[in-house]
$ cat my_file_2.cif   # mmCIF, C-alpha atoms
data_work
loop_
_atom_site.group_PDB
_atom_site.id
_atom_site.type_symbol
_atom_site.label_atom_id
_atom_site.label_comp_id
_atom_site.auth_asym_id
_atom_site.auth_seq_id
_atom_site.Cartn_x
_atom_site.Cartn_y
_atom_site.Cartn_z
ATOM 1 C CA MET A 1 94.110 142.043 52.605
ATOM 2 C CA ASP A 2 93.528 142.399 56.347
ATOM 3 C CA ALA A 3 93.180 145.770 58.061
ATOM 4 C CA PHE A 4 92.891 146.103 61.824
ATOM 5 C CA TYR A 5 91.040 148.829 63.704
ATOM 6 C CA SER A 6 90.712 149.811 67.358
ATOM 7 C CA ASP A 7 88.692 153.031 67.114
ATOM 8 C CA ARG A 8 85.800 151.372 68.966
ATOM 9 C CA PHE A 9 87.898 151.755 72.118
ATOM 10 C CA VAL A 10 88.614 155.465 71.720
ATOM 11 C CA LEU A 11 86.772 157.792 74.071
ATOM 12 C CA PRO A 12 86.282 161.495 73.311
ATOM 13 C CA LEU A 13 89.029 163.639 74.810
ATOM 14 C CA PRO A 14 88.487 166.867 76.732
ATOM 15 C CA ALA A 15 87.525 169.920 74.680
ATOM 16 C CA GLY A 16 90.541 171.583 73.125
ATOM 17 C CA HIS A 17 92.734 168.470 73.216
ATOM 18 C CA ARG A 18 95.002 168.440 70.173
ATOM 19 C CA PHE A 19 94.991 164.738 69.318
ATOM 20 C CA PRO A 20 92.500 164.076 66.483
ATOM 21 C CA MET A 21 90.938 160.805 67.644
ATOM 22 C CA GLU A 22 88.071 161.136 65.162
ATOM 23 C CA LYS A 23 90.364 160.381 62.226
ATOM 24 C CA TYR A 24 90.465 156.690 63.142
ATOM 25 C CA ARG A 25 86.715 156.241 62.898
ATOM 26 C CA MET A 26 86.581 158.288 59.690
ATOM 27 C CA LEU A 27 89.376 156.248 58.110
ATOM 28 C CA ARG A 28 87.777 152.915 59.004
ATOM 29 C CA GLU A 29 84.434 154.024 57.591
ATOM 30 C CA ARG A 30 86.026 155.234 54.371
ATOM 31 C CA VAL A 31 88.071 152.059 53.924
ATOM 32 C CA SER A 32 84.981 149.925 54.526
ATOM 33 C CA VAL A 33 83.173 151.478 51.552
ATOM 34 C CA GLY A 34 86.105 152.590 49.403
ATOM 35 C CA TYR A 35 88.121 149.417 48.893
ATOM 36 C CA SER A 36 86.910 145.942 48.089
ATOM 37 C CA GLY A 37 89.178 143.075 49.017
ATOM 38 C CA ILE A 38 89.895 144.371 52.532
ATOM 39 C CA ARG A 39 88.757 142.525 55.649
ATOM 40 C CA LEU A 40 88.305 144.816 58.646
ATOM 41 C CA LEU A 41 89.197 142.985 61.842
ATOM 42 C CA GLU A 42 89.121 143.988 65.499
ATOM 43 C CA PRO A 43 92.515 143.314 67.121
ATOM 44 C CA GLU A 44 93.114 141.409 70.334
ATOM 45 C CA PRO A 45 94.697 143.262 73.270
ATOM 46 C CA LEU A 46 98.268 142.362 74.150
ATOM 47 C CA SER A 47 98.744 140.762 77.554
ATOM 48 C CA ASP A 48 101.235 141.986 80.144
ATOM 49 C CA GLN A 49 103.455 139.045 79.209
ATOM 50 C CA ALA A 50 103.418 140.008 75.535
ATOM 51 C CA LEU A 51 104.082 143.678 76.286
ATOM 52 C CA ALA A 52 107.087 142.662 78.390
ATOM 53 C CA ILE A 53 108.889 141.612 75.195
ATOM 54 C CA ALA A 54 109.669 145.307 74.806
ATOM 55 C CA HIS A 55 108.520 147.112 77.974
ATOM 56 C CA ALA A 56 109.546 147.093 81.615
ATOM 57 C CA PRO A 57 107.086 145.077 83.741
ATOM 58 C CA ASP A 58 106.893 147.849 86.341
ATOM 59 C CA TYR A 59 105.915 150.393 83.691
ATOM 60 C CA ILE A 60 103.264 148.053 82.273
ATOM 61 C CA ARG A 61 101.808 147.499 85.750
ATOM 62 C CA ARG A 62 101.748 151.174 86.709
ATOM 63 C CA LEU A 63 100.199 152.229 83.405
ATOM 64 C CA ALA A 64 97.548 149.506 83.643
ATOM 65 C CA THR A 65 96.583 150.446 87.211
ATOM 66 C CA GLY A 66 96.762 154.226 86.778
ATOM 67 C CA ASP A 67 99.758 154.571 89.096
ATOM 68 C CA LEU A 68 101.885 156.719 86.805
ATOM 69 C CA SER A 69 102.787 160.126 88.173
ATOM 70 C CA ARG A 70 101.168 163.290 86.872
ATOM 71 C CA LYS A 71 104.463 164.143 85.160
ATOM 72 C CA GLU A 72 104.555 160.751 83.429
ATOM 73 C CA MET A 73 100.971 161.118 82.217
ATOM 74 C CA MET A 74 101.649 164.648 80.982
ATOM 75 C CA ALA A 75 104.526 163.273 78.899
ATOM 76 C CA ILE A 76 102.120 160.795 77.309
ATOM 77 C CA GLY A 77 99.558 163.535 76.675
ATOM 78 C CA PHE A 78 96.382 161.547 77.365
ATOM 79 C CA PRO A 79 94.272 161.579 80.517
ATOM 80 C CA TRP A 80 94.436 158.137 82.128
ATOM 81 C CA SER A 81 91.453 155.810 81.944
ATOM 82 C CA PRO A 82 90.937 152.048 81.724
ATOM 83 C CA GLN A 83 89.670 152.596 78.172
ATOM 84 C CA MET A 84 92.899 154.379 77.231
ATOM 85 C CA VAL A 85 94.905 151.397 78.478
ATOM 86 C CA GLU A 86 92.639 148.956 76.621
ATOM 87 C CA ARG A 87 92.977 150.895 73.391
ATOM 88 C CA SER A 88 96.774 151.017 73.762
ATOM 89 C CA ARG A 89 96.901 147.250 74.216
ATOM 90 C CA ARG A 90 94.694 146.680 71.183
ATOM 91 C CA SER A 91 96.460 149.205 68.974
ATOM 92 C CA ALA A 92 99.778 147.480 69.683
ATOM 93 C CA GLY A 93 98.100 144.131 69.114
ATOM 94 C CA ALA A 94 96.859 145.382 65.752
ATOM 95 C CA THR A 95 100.412 145.968 64.526
ATOM 96 C CA VAL A 96 101.420 142.484 65.696
ATOM 97 C CA MET A 97 98.461 140.998 63.821
ATOM 98 C CA ALA A 98 99.246 143.133 60.760
ATOM 99 C CA CYS A 99 102.769 141.719 60.684
ATOM 100 C CA ARG A 100 101.490 138.149 60.816
ATOM 101 C CA ALA A 101 99.009 138.908 58.041
ATOM 102 C CA ALA A 102 101.632 140.677 55.899
ATOM 103 C CA LEU A 103 103.969 137.705 56.148
ATOM 104 C CA ARG A 104 101.114 135.553 54.838
ATOM 105 C CA ASP A 105 99.568 137.905 52.252
ATOM 106 C CA GLY A 106 102.308 140.369 51.305
ATOM 107 C CA ALA A 107 100.762 143.408 52.982
ATOM 108 C CA SER A 108 98.468 144.359 55.815
ATOM 109 C CA VAL A 109 97.490 147.533 57.662
ATOM 110 C CA ASN A 110 96.861 148.729 61.182
ATOM 111 C CA LEU A 111 94.443 151.646 60.777
ATOM 112 C CA ALA A 112 96.066 153.196 63.853
ATOM 113 C CA GLY A 113 99.433 152.468 65.473
ATOM 114 C CA GLY A 114 102.849 153.913 64.838
ATOM 115 C CA THR A 115 103.391 154.709 68.529
ATOM 116 C CA HIS A 116 107.109 155.217 68.074
ATOM 117 C CA HIS A 117 107.731 157.700 70.907
ATOM 118 C CA ALA A 118 107.189 155.126 73.665
ATOM 119 C CA TYR A 119 110.326 153.893 75.437
ATOM 120 C CA ALA A 120 110.810 150.631 77.307
ATOM 121 C CA ASP A 121 110.030 152.265 80.647
ATOM 122 C CA ARG A 122 107.867 155.266 79.780
ATOM 123 C CA GLY A 123 105.444 156.757 77.308
ATOM 124 C CA GLU A 124 105.737 160.026 75.417
ATOM 125 C CA GLY A 125 103.988 162.002 72.706
ATOM 126 C CA PHE A 126 100.587 160.230 72.654
ATOM 127 C CA CYS A 127 102.376 156.845 72.752
ATOM 128 C CA CYS A 128 101.976 154.328 75.601
ATOM 129 C CA PHE A 129 103.409 151.126 74.107
ATOM 130 C CA ASN A 130 105.829 150.954 71.184
ATOM 131 C CA ASP A 131 103.860 148.822 68.745
ATOM 132 C CA VAL A 132 106.554 148.618 66.064
ATOM 133 C CA VAL A 133 109.292 147.318 68.369
ATOM 134 C CA LEU A 134 106.844 144.949 70.042
ATOM 135 C CA ALA A 135 105.756 143.572 66.669
ATOM 136 C CA ALA A 136 109.298 143.190 65.326
ATOM 137 C CA ARG A 137 110.437 141.310 68.419
ATOM 138 C CA MET A 138 107.350 139.141 68.496
ATOM 139 C CA MET A 139 107.833 138.132 64.850
ATOM 140 C CA ARG A 140 111.399 137.136 65.682
ATOM 141 C CA ASP A 141 110.380 135.205 68.796
ATOM 142 C CA GLU A 142 107.654 133.383 66.859
ATOM 143 C CA GLY A 143 110.154 132.395 64.153
ATOM 144 C CA ARG A 144 108.247 134.295 61.468
ATOM 145 C CA ALA A 145 110.776 137.041 60.594
ATOM 146 C CA GLY A 146 114.228 137.214 62.095
ATOM 147 C CA ARG A 147 115.118 140.671 60.765
ATOM 148 C CA THR A 148 112.817 143.667 60.488
ATOM 149 C CA LEU A 149 113.316 147.007 58.769
ATOM 150 C CA ILE A 150 111.342 149.872 60.320
ATOM 151 C CA ILE A 151 110.743 152.614 57.742
ATOM 152 C CA ASP A 152 109.505 155.548 59.795
ATOM 153 C CA LEU A 153 108.170 158.383 57.628
ATOM 154 C CA ASP A 154 106.185 160.140 60.312
ATOM 155 C CA VAL A 155 107.282 163.778 60.496
ATOM 156 C CA HIS A 156 108.537 163.214 64.057
ATOM 157 C CA GLN A 157 111.570 161.065 64.801
ATOM 158 C CA GLY A 158 110.913 157.564 66.118
ATOM 159 C CA ASN A 159 112.967 158.281 69.208
ATOM 160 C CA GLY A 160 111.564 155.482 71.345
ATOM 161 C CA SER A 161 112.099 152.912 68.593
ATOM 162 C CA ALA A 162 115.703 154.054 68.096
ATOM 163 C CA ALA A 163 116.507 153.901 71.820
ATOM 164 C CA MET A 164 114.847 150.517 72.380
ATOM 165 C CA THR A 165 116.657 148.826 69.476
ATOM 166 C CA ARG A 166 120.070 150.476 69.822
ATOM 167 C CA ASN A 167 121.758 147.150 70.612
ATOM 168 C CA ASP A 168 119.445 144.922 68.577
ATOM 169 C CA PRO A 169 121.125 143.906 65.299
ATOM 170 C CA ASP A 170 117.931 142.258 64.031
ATOM 171 C CA ILE A 171 115.962 145.526 63.827
ATOM 172 C CA PHE A 172 117.069 148.375 61.544
ATOM 173 C CA THR A 173 115.493 151.756 62.274
ATOM 174 C CA PHE A 174 115.251 154.362 59.522
ATOM 175 C CA SER A 175 113.617 157.668 60.403
ATOM 176 C CA MET A 176 113.154 160.663 58.080
ATOM 177 C CA HIS A 177 111.798 163.578 60.077
ATOM 178 C CA GLY A 178 111.745 167.296 60.739
ATOM 179 C CA ALA A 179 115.043 168.494 62.172
ATOM 180 C CA GLY A 180 113.447 171.177 64.327
ATOM 181 C CA ASN A 181 110.323 169.246 65.255
ATOM 182 C CA TYR A 182 109.405 167.084 68.242
ATOM 183 C CA PRO A 183 111.223 165.358 69.904
ATOM 184 C CA PHE A 184 113.628 168.227 70.382
ATOM 185 C CA VAL A 185 116.339 165.923 71.755
ATOM 186 C CA LYS A 186 116.754 163.193 69.153
ATOM 187 C CA GLU A 187 117.927 159.618 69.593
ATOM 188 C CA VAL A 188 120.242 157.908 67.084
ATOM 189 C CA SER A 189 118.520 155.567 64.627
ATOM 190 C CA ASP A 190 120.432 153.219 62.354
ATOM 191 C CA LEU A 191 119.745 155.821 59.666
ATOM 192 C CA ASP A 192 118.374 159.308 60.326
ATOM 193 C CA ILE A 193 117.572 161.938 57.716
ATOM 194 C CA GLU A 194 116.681 165.343 59.142
ATOM 195 C CA LEU A 195 114.577 167.728 57.090
ATOM 196 C CA ALA A 196 114.482 171.505 57.173
ATOM 197 C CA ASP A 197 111.149 173.248 57.712
ATOM 198 C CA GLY A 198 109.393 173.739 54.389
ATOM 199 C CA THR A 199 110.904 170.705 52.649
ATOM 200 C CA GLY A 200 108.734 169.896 49.622
ATOM 201 C CA ASP A 201 107.940 166.932 47.415
ATOM 202 C CA ASP A 202 110.991 166.827 45.130
ATOM 203 C CA GLU A 203 113.631 167.174 47.824
ATOM 204 C CA TYR A 204 111.835 164.745 50.120
ATOM 205 C CA LEU A 205 111.456 162.058 47.463
ATOM 206 C CA GLY A 206 115.063 162.399 46.341
ATOM 207 C CA LEU A 207 116.299 161.927 49.902
ATOM 208 C CA LEU A 208 114.008 158.920 50.345
ATOM 209 C CA ASP A 209 115.352 157.306 47.166
ATOM 210 C CA ARG A 210 118.922 157.676 48.366
ATOM 211 C CA ALA A 211 118.073 156.366 51.815
ATOM 212 C CA LEU A 212 116.420 153.233 50.453
ATOM 213 C CA ASP A 213 119.460 152.597 48.261
ATOM 214 C CA GLU A 214 121.726 152.919 51.299
ATOM 215 C CA ILE A 215 119.605 150.618 53.433
ATOM 216 C CA LYS A 216 119.873 147.885 50.818
ATOM 217 C CA THR A 217 123.665 147.883 51.230
ATOM 218 C CA ARG A 218 123.487 147.752 55.038
ATOM 219 C CA PHE A 219 120.624 145.445 56.018
ATOM 220 C CA ASP A 220 118.869 142.352 54.692
ATOM 221 C CA PRO A 221 115.341 142.322 56.185
ATOM 222 C CA GLN A 222 112.643 139.704 56.041
ATOM 223 C CA LEU A 223 109.849 142.127 56.942
ATOM 224 C CA ILE A 224 109.160 145.858 56.647
ATOM 225 C CA ILE A 225 107.089 147.765 59.182
ATOM 226 C CA TYR A 226 106.166 151.067 57.546
ATOM 227 C CA LEU A 227 105.044 154.068 59.601
ATOM 228 C CA ALA A 228 103.161 156.092 57.011
ATOM 229 C CA GLY A 229 102.584 159.348 58.854
ATOM 230 C CA ALA A 230 100.201 161.833 57.258
ATOM 231 C CA ASP A 231 101.875 164.699 59.109
ATOM 232 C CA PRO A 232 104.436 165.717 56.434
ATOM 233 C CA PHE A 233 101.400 167.189 54.632
ATOM 234 C CA HIS A 234 101.768 170.930 54.027
ATOM 235 C CA ASP A 235 98.673 171.903 56.025
ATOM 236 C CA ASP A 236 99.419 169.737 59.047
ATOM 237 C CA ARG A 237 99.343 171.746 62.270
ATOM 238 C CA LEU A 238 102.357 169.918 63.728
ATOM 239 C CA GLY A 239 104.273 169.018 60.563
ATOM 240 C CA ARG A 240 106.145 172.103 59.298
ATOM 241 C CA LEU A 241 106.951 170.409 55.959
ATOM 242 C CA ASP A 242 105.431 171.204 52.550
ATOM 243 C CA LEU A 243 104.443 167.886 50.973
ATOM 244 C CA THR A 244 101.317 167.599 48.854
ATOM 245 C CA LYS A 245 98.944 164.647 48.750
ATOM 246 C CA ALA A 246 100.516 163.677 45.415
ATOM 247 C CA GLY A 247 103.951 163.801 47.006
ATOM 248 C CA LEU A 248 102.830 161.622 49.884
ATOM 249 C CA LEU A 249 101.307 159.130 47.458
ATOM 250 C CA ALA A 250 104.634 159.027 45.592
ATOM 251 C CA ARG A 251 106.345 158.442 48.950
ATOM 252 C CA ASP A 252 104.108 155.438 49.647
ATOM 253 C CA GLN A 253 104.632 154.070 46.151
ATOM 254 C CA ARG A 254 108.404 154.245 46.586
ATOM 255 C CA VAL A 255 108.242 152.229 49.794
ATOM 256 C CA PHE A 256 106.030 149.565 48.250
ATOM 257 C CA ASP A 257 108.065 149.487 45.031
ATOM 258 C CA TYR A 258 111.177 148.899 47.155
ATOM 259 C CA ALA A 259 109.401 146.066 48.949
ATOM 260 C CA THR A 260 108.224 144.529 45.667
ATOM 261 C CA ARG A 261 111.692 144.632 44.112
ATOM 262 C CA HIS A 262 113.139 142.791 47.084
ATOM 263 C CA GLY A 263 110.227 140.428 47.725
ATOM 264 C CA LEU A 264 109.433 141.829 51.162
ATOM 265 C CA PRO A 265 106.099 141.856 53.018
ATOM 266 C CA VAL A 266 104.960 145.183 54.455
ATOM 267 C CA ALA A 267 102.938 145.843 57.595
ATOM 268 C CA VAL A 268 101.682 149.431 57.738
ATOM 269 C CA ALA A 269 100.958 151.551 60.797
ATOM 270 C CA MET A 270 99.335 154.922 60.197
ATOM 271 C CA GLY A 271 101.383 157.193 62.464
ATOM 272 C CA GLY A 272 100.516 160.846 62.990
ATOM 273 C CA GLY A 273 98.304 163.283 61.153
ATOM 274 C CA TYR A 274 97.009 166.603 62.470
ATOM 275 C CA SER A 275 95.763 168.566 59.452
ATOM 276 C CA ARG A 276 93.665 171.656 60.022
ATOM 277 C CA ASN A 277 90.995 169.927 57.957
ATOM 278 C CA ILE A 278 90.791 166.399 59.343
ATOM 279 C CA GLN A 279 89.555 165.145 55.968
ATOM 280 C CA ASP A 280 93.014 165.872 54.515
ATOM 281 C CA THR A 281 94.577 163.535 57.086
ATOM 282 C CA VAL A 282 92.042 160.845 56.225
ATOM 283 C CA ASP A 283 92.748 161.326 52.500
ATOM 284 C CA VAL A 284 96.475 160.756 53.010
ATOM 285 C CA HIS A 285 95.949 157.651 55.149
ATOM 286 C CA PHE A 286 93.347 156.319 52.714
ATOM 287 C CA GLN A 287 95.729 156.455 49.770
ATOM 288 C CA THR A 288 98.363 154.622 51.852
ATOM 289 C CA VAL A 289 95.872 151.817 52.427
ATOM 290 C CA GLY A 290 95.296 151.674 48.673
ATOM 291 C CA CYS A 291 99.017 151.242 48.032
ATOM 292 C CA ALA A 292 99.135 148.405 50.549
ATOM 293 C CA LEU A 293 96.186 146.710 48.869
ATOM 294 C CA GLN A 294 97.980 146.821 45.524
ATOM 295 C CA HIS A 295 101.047 145.211 47.142
ATOM 296 C CA ALA A 296 99.142 142.354 48.748
ATOM 297 C CA HIS A 297 99.619 138.889 47.242
ATOM 298 C CA PHE A 298 102.811 139.969 45.438
#
$ encode --input "my_file_2.cif" --output "structure tokens"
Amino acid sequence: MDAFYSDRFVLPLPAGHRFPMEKYRMLRERVSVGYSGIRLLEPEPLSDQALAIAHAPDYIRRLATGDLSRKEMMAIGFPWSPQMVERSRRSAGATVMACRAALRDGASVNLAGGTHHAYADRGEGFCCFNDVVLAARMMRDEGRAGRTLIIDLDVHQGNGSAAMTRNDPDIFTFSMHGAGNYPFVKEVSDLDIELADGTGDDEYLGLLDRALDEIKTRFDPQLIIYLAGADPFHDDRLGRLDLTKAGLLARDQRVFDYATRHGLPVAVAMGGGYSRNIQDTVDVHFQTVGCALQHAHF
């Protein structure tokens, strides 16, 4: 199974910055020694032309040249740098490459990605380019997968994905997220499930089961892109839910079991994770990669 990484292009952020960039390097290193049968590959950056499948050319240009306003950069949450732009291009490219690999092998993983807060004309919430929408549209344009199901189990709603695909019948967006969490003004996905603070394993898994059953009656995908956020974990600083590592493993297994039953390839993007102990975030992501490896070559 192929896994794609872009942590080589991540620069340290200013002291006190909340985004845990170190998790990407830690996850890659753990995957490299913890799982046999995985090829670690460096992704190619997406060109302006490729990004324009989902993003406004003016936004792409201004982000690439550092011409976004201070307000626009504050919404993204990163300080601008050429390296930040390069990493964003490669992280989005990794999800595109993961989709191609999943369609060949049954499953593949981007060890970053899940930048679902980015809109067509702006970035938000640590997200510059919307990798999942880009990948879904590129698979359609390449004739590889005409219909894509986005299963977004990050604790935060995939607001950018929902807005960008509102009138796109070939992409179904399902987001299960904290009702009172960021973004505080939600978009409308094809299916949204909002969770109260403190939701635990049993309630979460029951709601996921019912959602997957409903999706099967509404949409017939050829590909799943799965945002496997680690931030529903009970000790996540930004999560506000109460899932355990065992509960999150059961979540992953349900998604892959659904894919197996219906003969669907799965491309995984890691999504968020902000645990007080960064090793907990890495643990959750690592077990997701293991589930994907078991699904490969179905």
$ resolve_selection --input "my_file_2.cif" --expression "the PyMOL selection byres ((chain A and resi 148) around 9)" --output "number ranges by chain"
A: 136-137, 139-140, 145-147, 149-150, 170-173, 220-225
$ atom_distance --input "my_file_2.cif" --atom1 "atom CA of Arg237 of chain A" --atom2 "atom CA of Asn277 of chain A"
9.6 Å
$ axis_aligned_box --input "my_file_2.cif" --around "segment 120-137 of chain A" --padding-each-side "6 Å" --output "AutoDock Vina command-line options"
--center_x 105.7 --center_y 151.7 --center_z 73.0 --size_x 22.2 --size_y 32.7 --size_z 27.3
$ resolve_selection --input "my_file_2.cif" --expression "the PyMOL selection byres ((chain A and resi 72-84) around 6)" --output "list in words"
Leu68, Ser69, Arg70, Lys71, Val85, Glu86, Arg87, Gly123, Glu124, Gly125 and Phe126 of chain A
$ resolve_selection --input "my_file_2.cif" --expression "the PyMOL selection byres ((chain A and resi 269) around 7)" --output "list of chain:residue names"
A:Thr95, A:Val109, A:Asn110, A:Leu111, A:Ala112, A:Gly113, A:Gly114, A:Tyr226, A:Leu227, A:Ala228, A:Ala267, A:Val268, A:Met270, A:Gly271
$ atom_distance --input "my_file_2.cif" --atom1 "atom CA of Asp192 of chain A" --atom2 "atom CA of Ala230 of chain A"
18.6 Å
$ atom_distance --input "my_file_2.cif" --atom1 "atom CA of Leu103 of chain A" --atom2 "atom CA of Val133 of chain A"
16.4 Å
$ residues_around --input "my_file_2.cif" --residues "Ala211 of chain A" --least-positions-apart "2" --cutoff "12 Å" --atoms "all atoms listed in the file" --output "PyMOL selection string"
chain A and resi 151-153+173-176+190-194+204-209+213-219+254-255+258
$ closest_residue --input "my_file_2.cif" --among "A:Gln294, A:Arg144, A:Cys127, A:Ala92" --to "Asp48 of chain A" --atoms "only C-alpha atoms"
A:Ala92
$ closest_residue --input "my_file_2.cif" --among "A:Val185, A:Ala250, A:Ala101, A:Cys128" --to "Asp202 of chain A" --atoms "only C-alpha atoms"
A:Ala250
$ closest_residue --input "my_file_2.cif" --among "A:Val282, A:Ala3, A:Ser161, A:Arg61" --to "Lys186 of chain A" --atoms "only C-alpha atoms"
A:Ser161
$ residues_around --input "my_file_2.cif" --residues "Phe286 of chain A" --least-positions-apart "4" --cutoff "9 Å" --atoms "all atoms listed in the file" --output "PyMOL selection string"
chain A and resi 27+30-31+34+281-282+290-291
$ closest_residue --input "my_file_2.cif" --among "A:Met21, A:Ala163, A:Ala296, A:Leu238" --to "Arg122 of chain A" --atoms "only C-alpha atoms"
A:Ala163
$ decode --input "my_file_2.cif" --residues "segment 121-185 of chain A" --atoms "C-alpha atoms" --output "tab-separated table (two decimals), in the first residue's frame"
chain	number	residue	atom	x	y	z
A	121	ASP	CA	-11.68	31.61	-3.00
A	122	ARG	CA	-10.16	31.61	0.49
A	123	GLY	CA	-8.47	29.55	3.16
A	124	GLU	CA	-9.56	29.02	6.74
A	125	GLY	CA	-8.64	27.00	9.81
A	126	PHE	CA	-5.10	25.89	8.86
A	127	CYS	CA	-6.35	24.99	5.35
A	128	CYS	CA	-5.08	26.67	2.16
A	129	PHE	CA	-6.30	24.32	-0.58
A	130	ASN	CA	-9.18	21.86	-0.24
A	131	ASP	CA	-7.42	18.59	-1.01
A	132	VAL	CA	-10.51	16.37	-0.84
A	133	VAL	CA	-12.56	18.38	-3.34
A	134	LEU	CA	-9.54	18.77	-5.60
A	135	ALA	CA	-8.92	15.02	-5.54
A	136	ALA	CA	-12.56	14.09	-6.14
A	137	ARG	CA	-12.83	16.41	-9.13
A	138	MET	CA	-9.51	15.32	-10.55
A	139	MET	CA	-10.52	11.64	-10.36
A	140	ARG	CA	-13.69	12.50	-12.26
A	141	ASP	CA	-11.85	14.56	-14.87
A	142	GLU	CA	-9.30	11.77	-15.38
A	143	GLY	CA	-12.10	9.23	-15.88
A	144	ARG	CA	-11.01	7.19	-12.86
A	145	ALA	CA	-14.02	7.69	-10.53
A	146	GLY	CA	-17.12	9.57	-11.55
A	147	ARG	CA	-18.72	9.69	-8.09
A	148	THR	CA	-16.95	10.23	-4.79
A	149	LEU	CA	-18.22	9.90	-1.23
A	150	ILE	CA	-16.41	12.11	1.28
A	151	ILE	CA	-16.69	10.64	4.79
A	152	ASP	CA	-15.52	13.44	7.06
A	153	LEU	CA	-15.02	12.28	10.65
A	154	ASP	CA	-12.83	15.15	11.77
A	155	VAL	CA	-14.37	16.76	14.85
A	156	HIS	CA	-14.85	20.01	12.91
A	157	GLN	CA	-17.36	20.31	10.08
A	158	GLY	CA	-15.99	20.19	6.54
A	159	ASN	CA	-17.51	23.56	5.78
A	160	GLY	CA	-15.35	24.35	2.76
A	161	SER	CA	-16.03	20.95	1.20
A	162	ALA	CA	-19.79	21.36	1.71
A	163	ALA	CA	-19.85	24.85	0.17
A	164	MET	CA	-17.66	23.94	-2.81
A	165	THR	CA	-19.73	20.87	-3.76
A	166	ARG	CA	-23.21	22.22	-3.02
A	167	ASN	CA	-24.24	21.96	-6.68
A	168	ASP	CA	-22.06	18.99	-7.61
A	169	PRO	CA	-24.16	15.81	-7.79
A	170	ASP	CA	-21.06	13.64	-8.26
A	171	ILE	CA	-19.64	14.38	-4.80
A	172	PHE	CA	-21.54	13.43	-1.63
A	173	THR	CA	-20.35	15.12	1.56
A	174	PHE	CA	-20.99	13.48	4.93
A	175	SER	CA	-19.70	15.28	8.00
A	176	MET	CA	-20.10	14.15	11.63
A	177	HIS	CA	-18.81	16.87	13.92
A	178	GLY	CA	-19.16	18.81	17.14
A	179	ALA	CA	-22.27	20.98	17.13
A	180	GLY	CA	-20.69	23.74	19.20
A	181	ASN	CA	-17.20	23.51	17.72
A	182	TYR	CA	-15.45	25.38	14.92
A	183	PRO	CA	-16.67	26.53	12.42
A	184	PHE	CA	-19.32	28.30	14.43
A	185	VAL	CA	-21.38	29.08	11.32
